[in-house]
Amino acid sequence: MLTNPTETDAKTRAARLEARMTAAQKALLQHAAALSGRTLSEFVLASAQEAAAKVIQEHETIRLSRSEQVAFVTALLKPRAPNARLRKAAEKYRKQMGL
């Protein structure tokens with residue numbers, strides 16, 4: 001995944017993206033692009049890429065409270081013994097898989 005929009009060059013940019021927007025939205029984007037010293041396309045691509053990376057990171061990161069962290073680590077380090085239902089499910093799985 002590209003983290004910096006300048007990592008691409010003209011040779012690798014073959015895909016296109018079109019968007020419909022109001023005149024006010026376009027004017028806002030053009031103004032922001034001009035203030036940042038970028039073309040409209042550069043600004044929109046960089047902004048969209050930053051937003052996409054943020055959304056992906058938020059969905060791929062697990063956030064736990066302190067008590068949840070302790071419970072998680074405790075479960076890993078001191079797991080409970082399997083109960084009858086889990087042993088039965090494991091046996092059924094082994095039989096189905098021919099193990």
# chains A, B, ... in the order shown; residues from 1 in each chain; ligands from 1
call {"tool": "select_by_dssp", "arguments": {"residues": "chain A", "states": "alpha helix (DSSP H)", "output": "ChimeraX atom specification"}}
result
/A:23-36,40-60,66-77,84-97
call {"tool": "atom_distance", "arguments": {"atom1": "CA of Leu99 (chain A)", "atom2": "CA of Leu86 (chain A)"}}
result
16.6 Å
call {"tool": "closest_residue", "arguments": {"among": "A:Leu40, A:Met97, A:Ala15, A:Ala90", "to": "Ala27 (chain A)", "atoms": "only C-alpha atoms"}}
result
A:Leu40
call {"tool": "residues_around", "arguments": {"residues": "Glu18 (chain A)", "least_positions_apart": "2", "cutoff": "12 Å", "atoms": "only C-alpha atoms", "output": "PyMOL selection string"}}
result
chain A and resi 15-16+20-21+41+44-45
call {"tool": "write_last_selection", "arguments": {"atoms": "C-alpha atoms", "output": "PDB file, in the first residue's frame"}}
result
ATOM      1  CA  ALA A  15      -6.461   3.924 -13.202  1.00  0.00           C
ATOM      2  CA  ARG A  16      -9.039   6.694 -13.192  1.00  0.00           C
ATOM      3  CA  ARG A  20     -19.843  13.916  -9.074  1.00  0.00           C
ATOM      4  CA  MET A  21     -20.060  16.866  -6.683  1.00  0.00           C
ATOM      5  CA  SER A  41      -6.097  15.999  -8.431  1.00  0.00           C
ATOM      6  CA  VAL A  44      -7.989  14.946  -3.705  1.00  0.00           C
ATOM      7  CA  LEU A  45      -5.791  11.862  -4.137  1.00  0.00           C
TER       8      LEU A  45
END
call {"tool": "atom_distance", "arguments": {"atom1": "CA of Lys26 (chain A)", "atom2": "CA of Glu42 (chain A)"}}
result
13.8 Å
